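Remarks on the structure that follows.
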Amino acid sequence: MRVDDAIEEALLRVVEPGAIAAAVAAEAQSASRRDQVRDALMRDLEAARYSADRAFRQYDAIDPQNRLVAAELELRWNRALTRVGEIESRIAAHDASTSEPSLLSPIHVTALAADLKAVWAAPTTDVRLKKRIVRTVIREVVGDVDDKFS
């Protein structure tokens with residue numbers, strides 16, 4: 001047996017039990033991160049809309065004859081409206097760029113995890129991914145040579 005094959009077999013024995021839990025946890029983390037970013041953007045939008053509304057009320061309340069003050073308040077109102085537009089664009093970009101939550105049920109995830117060895121051995125599986133998994137799981141390899149096998 002080649003050393004690579006022995007390491008692969010031992011690694012798959014170690015990884016398979018945690019594969020299901022890891023997949024479910026990764027999906028939950030990803031969804032949580034998406035929700036946190038969107039919530040923060042929505043809070044920013046709410047604050048920007050409040051500022052724009054406040055700037056409009058100040059502009060609306062000014063005497064039109066006071067052109068210098070009216071011009072400054074109109075400038076503030078336009079800046080606030082621009083900020084609202086920027087945040088709305090960021091929310092739209094965030095929504096477009098985030099992937100939808102996985103539609104895999106826990107049963108499907110279990111089936112995929114049970115077939116981890118086939119996925120590992122598939123020719124389409126990237127070698128760099130395999131190496132990253134091995135480096136994550138294995139911290140140190142110690143070799144011991146028996147004299148009787150030399």
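In the structure tokens, the first chain shown is A, the next is B, and so on; residue numbers restart at 1 for each chain, and ligands run from 1 in the order shown.
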
Which residues come within 12 Å of Asp44 of chain A, counting only C-alpha atoms, excluding same-chain residues fewer than 3 positions away, as a VMD selection string?
-> chain A and resid 37 to 41 47 to 51 83 to 88 90 to 91

* Asked: If you count only C-alpha atoms, which residues fall within 10 Å of Arg76 of chain A, apart from same-chain ones fewer than 4 positions away, as number ranges by chain?
  -> A: 51-52, 54-56, 58-59, 70-72, 80-82

Preceding selection exported with all heavy atoms as a compact mmCIF listing (two decimals), in the first residue's frame:
# COMPACT_ATOMS: atom_id res chain seq x y z
N SER A 51 -32.51 60.67 7.96
CA SER A 51 -31.74 61.89 7.69
C SER A 51 -32.30 62.64 6.49
O SER A 51 -32.38 63.88 6.51
CB SER A 51 -30.27 61.55 7.44
OG SER A 51 -29.69 61.03 8.60
N ALA A 52 -32.68 61.90 5.46
CA ALA A 52 -33.24 62.55 4.27
C ALA A 52 -34.58 63.20 4.60
O ALA A 52 -34.85 64.33 4.15
CB ALA A 52 -33.41 61.52 3.15
N ARG A 54 -35.54 64.28 7.54
CA ARG A 54 -35.25 65.43 8.40
C ARG A 54 -34.73 66.61 7.56
O ARG A 54 -35.15 67.76 7.76
CB ARG A 54 -34.21 65.03 9.45
CG ARG A 54 -33.92 66.10 10.44
CD ARG A 54 -33.11 65.53 11.60
NE ARG A 54 -32.82 66.57 12.54
CZ ARG A 54 -31.60 67.03 12.79
NH1 ARG A 54 -30.56 66.52 12.18
NH2 ARG A 54 -31.42 68.00 13.66
N ALA A 55 -33.84 66.32 6.61
CA ALA A 55 -33.32 67.38 5.74
C ALA A 55 -34.44 68.00 4.91
O ALA A 55 -34.48 69.22 4.71
CB ALA A 55 -32.23 66.81 4.83
N PHE A 56 -35.38 67.17 4.45
CA PHE A 56 -36.51 67.71 3.69
C PHE A 56 -37.37 68.63 4.57
O PHE A 56 -37.78 69.71 4.13
CB PHE A 56 -37.38 66.59 3.13
CG PHE A 56 -38.69 67.09 2.59
CD1 PHE A 56 -38.73 67.79 1.39
CD2 PHE A 56 -39.87 66.90 3.29
CE1 PHE A 56 -39.93 68.27 0.90
CE2 PHE A 56 -41.07 67.39 2.81
CZ PHE A 56 -41.10 68.08 1.61
N GLN A 58 -36.47 70.33 7.16
CA GLN A 58 -35.76 71.59 7.39
C GLN A 58 -35.84 72.49 6.15
O GLN A 58 -36.06 73.69 6.26
CB GLN A 58 -34.29 71.31 7.74
CG GLN A 58 -34.09 70.71 9.10
CD GLN A 58 -32.64 70.30 9.34
OE1 GLN A 58 -31.86 70.15 8.41
NE2 GLN A 58 -32.30 70.12 10.61
N TYR A 59 -35.66 71.88 4.98
CA TYR A 59 -35.72 72.64 3.74
C TYR A 59 -37.12 73.19 3.52
O TYR A 59 -37.29 74.34 3.11
CB TYR A 59 -35.31 71.75 2.57
CG TYR A 59 -35.47 72.40 1.21
CD1 TYR A 59 -34.58 73.37 0.78
CD2 TYR A 59 -36.52 72.04 0.38
CE1 TYR A 59 -34.73 73.96 -0.46
CE2 TYR A 59 -36.68 72.62 -0.86
CZ TYR A 59 -35.78 73.59 -1.28
OH TYR A 59 -35.94 74.18 -2.50
N ALA A 70 -31.61 78.48 2.20
CA ALA A 70 -32.37 77.52 1.41
C ALA A 70 -31.44 76.70 0.52
O ALA A 70 -31.61 75.48 0.37
CB ALA A 70 -33.43 78.23 0.57
N ALA A 71 -30.46 77.34 -0.07
CA ALA A 71 -29.51 76.62 -0.94
C ALA A 71 -28.71 75.59 -0.14
O ALA A 71 -28.50 74.46 -0.60
CB ALA A 71 -28.57 77.61 -1.63
N GLU A 72 -28.28 75.99 1.05
CA GLU A 72 -27.52 75.05 1.89
C GLU A 72 -28.39 73.88 2.33
O GLU A 72 -27.97 72.72 2.29
CB GLU A 72 -26.95 75.78 3.12
CG GLU A 72 -26.24 74.88 4.11
CD GLU A 72 -25.02 74.17 3.53
OE1 GLU A 72 -24.39 74.70 2.59
OE2 GLU A 72 -24.70 73.07 4.02
N ALA A 80 -28.39 63.74 1.36
CA ALA A 80 -29.08 62.68 2.09
C ALA A 80 -29.81 61.74 1.14
O ALA A 80 -29.79 60.51 1.33
CB ALA A 80 -30.05 63.29 3.11
N LEU A 81 -30.42 62.28 0.10
CA LEU A 81 -31.10 61.44 -0.90
C LEU A 81 -30.09 60.58 -1.67
O LEU A 81 -30.36 59.41 -1.98
CB LEU A 81 -31.91 62.30 -1.86
CG LEU A 81 -33.17 62.96 -1.27
CD1 LEU A 81 -33.80 63.91 -2.29
CD2 LEU A 81 -34.16 61.91 -0.81
N THR A 82 -28.94 61.15 -1.95
CA THR A 82 -27.89 60.38 -2.63
C THR A 82 -27.42 59.23 -1.75
O THR A 82 -27.22 58.11 -2.23
CB THR A 82 -26.70 61.31 -2.98
OG1 THR A 82 -27.15 62.36 -3.81
CG2 THR A 82 -25.59 60.54 -3.67

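Atom CA of Asp4 of chain A is positioned 11.7 Å from atom CA of Lys130 of chain A.
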
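Minimum atom-to-atom distance to Trp77 of chain A, evaluated using only C-alpha atoms, belongs to A:Asp53 out of A:Asp53, A:Asp5, A:Asp63, A:Asp95.
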
Please list as a PyMOL selection string every residue within 10 Å of segment 120-126 of chain A, counting only C-alpha atoms and excluding residues in the same chain fewer than 5 positions away. chain A and resi 8+12+115+131

Written selection (all heavy atoms) as a PDB file, in the first residue's frame:
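Generated output (part-v3.pdb):
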ATOM      1  N   GLU A   8      -4.822   8.592   2.977  1.00  0.00           N
ATOM      2  CA  GLU A   8      -6.171   8.866   2.475  1.00  0.00           C
ATOM      3  C   GLU A   8      -7.209   8.035   3.198  1.00  0.00           C
ATOM      4  O   GLU A   8      -8.249   8.545   3.626  1.00  0.00           O
ATOM      5  CB  GLU A   8      -6.211   8.580   0.977  1.00  0.00           C
ATOM      6  CG  GLU A   8      -7.552   8.826   0.337  1.00  0.00           C
ATOM      7  CD  GLU A   8      -7.509   8.505  -1.145  1.00  0.00           C
ATOM      8  OE1 GLU A   8      -6.637   9.031  -1.848  1.00  0.00           O
ATOM      9  OE2 GLU A   8      -8.382   7.724  -1.580  1.00  0.00           O
ATOM     10  N   LEU A  12     -10.090   9.638   5.628  1.00  0.00           N
ATOM     11  CA  LEU A  12     -11.517   9.477   5.364  1.00  0.00           C
ATOM     12  C   LEU A  12     -12.232   8.835   6.547  1.00  0.00           C
ATOM     13  O   LEU A  12     -13.378   9.177   6.843  1.00  0.00           O
ATOM     14  CB  LEU A  12     -11.738   8.675   4.083  1.00  0.00           C
ATOM     15  CG  LEU A  12     -11.366   9.418   2.796  1.00  0.00           C
ATOM     16  CD1 LEU A  12     -11.501   8.497   1.600  1.00  0.00           C
ATOM     17  CD2 LEU A  12     -12.205  10.655   2.620  1.00  0.00           C
ATOM     18  N   ASP A 115     -21.153   9.229   1.161  1.00  0.00           N
ATOM     19  CA  ASP A 115     -20.463   8.936  -0.084  1.00  0.00           C
ATOM     20  C   ASP A 115     -19.198   9.790  -0.230  1.00  0.00           C
ATOM     21  O   ASP A 115     -18.748  10.061  -1.333  1.00  0.00           O
ATOM     22  CB  ASP A 115     -21.420   9.202  -1.249  1.00  0.00           C
ATOM     23  CG  ASP A 115     -21.031   8.425  -2.489  1.00  0.00           C
ATOM     24  OD1 ASP A 115     -20.270   7.445  -2.359  1.00  0.00           O
ATOM     25  OD2 ASP A 115     -21.480   8.808  -3.574  1.00  0.00           O
ATOM     26  N   LYS A 131      -5.600  18.680  -0.530  1.00  0.00           N
ATOM     27  CA  LYS A 131      -4.426  19.064   0.257  1.00  0.00           C
ATOM     28  C   LYS A 131      -4.813  19.978   1.407  1.00  0.00           C
ATOM     29  O   LYS A 131      -4.287  19.850   2.514  1.00  0.00           O
ATOM     30  CB  LYS A 131      -3.388  19.743  -0.637  1.00  0.00           C
ATOM     31  CG  LYS A 131      -2.677  18.783  -1.556  1.00  0.00           C
ATOM     32  CD  LYS A 131      -1.651  19.504  -2.416  1.00  0.00           C
ATOM     33  CE  LYS A 131      -0.947  18.540  -3.342  1.00  0.00           C
ATOM     34  NZ  LYS A 131       0.061  19.212  -4.163  1.00  0.00           N
TER      35      LYS A 131
END

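Closest approach to Arg57 of chain A among A:Ser30, A:Ala92, A:Glu74, A:Arg132 is made by A:Glu74 (distances from only C-alpha atoms).
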
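Closest to Ser89 of chain A among A:Val3, A:Val24, A:Met42, A:Val14 is A:Met42, based on only C-alpha atoms.
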